[in-house]
Amino acid sequence: MKKKIIRLLLALLTFGILGYNSLYIKKLDEVQTASKGFDASGFARTFWQHKLTPALAKATNTEQLLTHLQQQKEKTFQEYGHSLGLGNIKYFLSKGKGVVREVNETSVAIQVGSDTVRIATEYVFGNAVRDASGQINLSEFSNTMDLNNVSAELNKIIRTEVVPAFRKAVKKGDTVEFAGAIELNQKFPDLHSVEVMPIALRVLK
């Protein structure tokens with residue numbers, strides 16, 4: 001009986017030690033502390049002003065981009081698509097001009113050549129704006145939390161500074177100049193419902 005009790009106690013002790021060590025990988029407060037020194041808002045603002053906005057001058061024309069994707073998909077993804085990781089999701093920095101066909105609560109549909117694209121005006125999220133220019137360097141970040149916070153701050157700039165004035169001014173029939181980021185799945189690109197996360201918007205008078 002005593003041997004059984006001793007074996008049971010040893011087993012419980014071993015389990016407790018292993019369980020403690022397996023859980024002590026990295027505490028949440030340590031991750032949070034590591035990110036306290038990183039100014040995501042400041043980084044996003046500097047990136048927006050000094051890298052992203054200047055990059056729009058060389059952004060791919062949207063009408064041409066859609067045509068190239070239809071005619072030579074793999075080459076177009078390779079030449080113009082950007083991504084920080086592996087996988088099928090790629091981001092494109094694109095600009096164009098077209099006529100407004102519809103204005104609704106979440107987006108504005110614009111006729112660009114023979115295609116229609118939607119400018120997102122409500123659900124602005126994800127990493128498209130951060131990654132589309134190909135100018136983000138992973139070595140600048142110590143953890144993925146900081147990287148994701150930069151995306152959130154860039155999207156916040158769009159929601160608070162880019163979209164509101166555009167929403168007030170735009171109406172059906174207007175001609176609009178736009179620039180932004182497009183997310184597409186390389187394996188299954190849906191070219192019939194292309195959405196643009198806006199970086200610059202202008203209603204032409």
# chains A, B, ... in the order shown; residues from 1 in each chain; ligands from 1

$ residues_around --residues "stretch 156-165 of chain A" --least-positions-apart "4" --cutoff "8 Å" --atoms "only C-alpha atoms" --output "JSON, numbers by chain"
{"A": [121, 122, 124, 152, 169, 198, 199, 200, 201]}

$ write_last_selection --atoms "N, CA and C atoms" --output "compact mmCIF listing (two decimals), in the first residue's frame"
# COMPACT_ATOMS: atom_id res chain seq x y z
N THR A 121 -15.54 51.59 -47.76
CA THR A 121 -15.69 52.80 -46.97
C THR A 121 -16.15 52.53 -45.54
N GLU A 122 -16.50 51.30 -45.23
CA GLU A 122 -16.97 50.96 -43.89
C GLU A 122 -16.07 49.92 -43.23
N VAL A 124 -12.90 48.67 -43.20
CA VAL A 124 -11.49 48.86 -43.56
C VAL A 124 -10.65 48.13 -42.52
N ALA A 152 -3.46 48.00 -37.94
CA ALA A 152 -4.61 48.63 -37.30
C ALA A 152 -4.51 50.15 -37.36
N ALA A 169 -18.87 63.80 -50.15
CA ALA A 169 -18.87 64.45 -51.45
C ALA A 169 -19.37 63.57 -52.59
N PRO A 198 -8.90 51.95 -49.69
CA PRO A 198 -8.44 53.25 -50.22
C PRO A 198 -7.30 53.86 -49.43
N ILE A 199 -6.38 54.47 -50.15
CA ILE A 199 -5.30 55.25 -49.56
C ILE A 199 -5.47 56.72 -49.94
N ALA A 200 -5.92 56.95 -51.17
CA ALA A 200 -6.20 58.32 -51.64
C ALA A 200 -7.47 58.30 -52.48
N LEU A 201 -8.35 59.27 -52.25
CA LEU A 201 -9.62 59.38 -52.97
C LEU A 201 -9.88 60.82 -53.34

$ closest_atom_pairs --of "stretch 94-190 of chain A" --to "stretch 54-76 of chain A" --cutoff "12 Å" --atoms "only C-alpha atoms" --output "CSV"
residue,atom,partner,partner_atom,distance
A:Ser94,CA,A:Thr60,CA,4.6
A:Lys95,CA,A:Asn61,CA,5.1
A:Gly96,CA,A:Thr62,CA,5.2
A:Lys97,CA,A:Thr62,CA,8.3
A:Gly98,CA,A:Glu63,CA,9.6
A:Ile110,CA,A:Thr62,CA,11.3
A:Gln111,CA,A:Glu63,CA,9.8
A:Val112,CA,A:Glu63,CA,6.1
A:Gly113,CA,A:Glu63,CA,6.2
A:Ser114,CA,A:Glu63,CA,8.3
A:Asp115,CA,A:Glu63,CA,7.7
A:Thr116,CA,A:Glu63,CA,9.6
A:Val117,CA,A:Thr62,CA,9.1
A:Arg118,CA,A:Thr62,CA,11.8
A:Val129,CA,A:Leu56,CA,11.5
A:Ala132,CA,A:Ala59,CA,9.6
A:Ser133,CA,A:Ala55,CA,6.8
A:Gly134,CA,A:Ala55,CA,9.7
A:Gln135,CA,A:Ala55,CA,9.1
A:Glu177,CA,A:Thr62,CA,10.9
A:Phe178,CA,A:Thr62,CA,9.5
A:Ala179,CA,A:Leu56,CA,6.9
A:Gly180,CA,A:Leu56,CA,8.1
A:Ala181,CA,A:Ala59,CA,9.5
A:Ile182,CA,A:Thr62,CA,9.5
A:Leu184,CA,A:Leu69,CA,10.3
A:Asn185,CA,A:Lys73,CA,10.9
A:Gln186,CA,A:Glu74,CA,7.8
A:Lys187,CA,A:Glu74,CA,9.3
A:Phe188,CA,A:Lys73,CA,10.4
A:Pro189,CA,A:Leu69,CA,8.6
A:Asp190,CA,A:Leu69,CA,10.3

$ atom_distance --atom1 "atom CA of A:Thr144" --atom2 "atom CA of A:Ile119"
27.8 Å

$ residues_around --residues "A:Gly42" --least-positions-apart "6" --cutoff "10 Å" --atoms "only C-alpha atoms" --output "list in words"
Trp48, Val150 and Glu153 of chain A

$ write_last_selection --atoms "C-alpha atoms" --output "JSON list (two decimals), in the first residue's frame"
[["chain", "number", "residue", "atom", "x", "y", "z"],
["A", 48, "TRP", "CA", 2.16, 56.57, -44.50],
["A", 150, "VAL", "CA", 0.76, 48.86, -37.53],
["A", 153, "GLU", "CA", -3.14, 52.13, -37.17]]

$ select_by_dssp --residues "stretch 36-128 of chain A" --states "strand (DSSP E or B)" --output "PyMOL selection string"
chain A and resi 60-61+82+89-103+107-112+115-120

$ closest_residue --among "A:Leu154, A:Phe38, A:Val170, A:Arg202" --to "A:Asn104" --atoms "only C-alpha atoms"
A:Val170

$ closest_residue --among "A:Leu93, A:Val176, A:Leu204, A:Leu191" --to "A:Arg130" --atoms "only C-alpha atoms"
A:Leu93

$ select_by_dssp --residues "stretch 62-171 of chain A" --states "helix (DSSP H, G or I)" --output "VMD selection string"
chain A and resid 62 to 71 73 to 80 128 to 131 138 to 140 144 to 169

$ closest_residue --among "A:His192, A:Asp39, A:Arg101, A:Glu183" --to "A:Phe125" --atoms "only C-alpha atoms"
A:Glu183
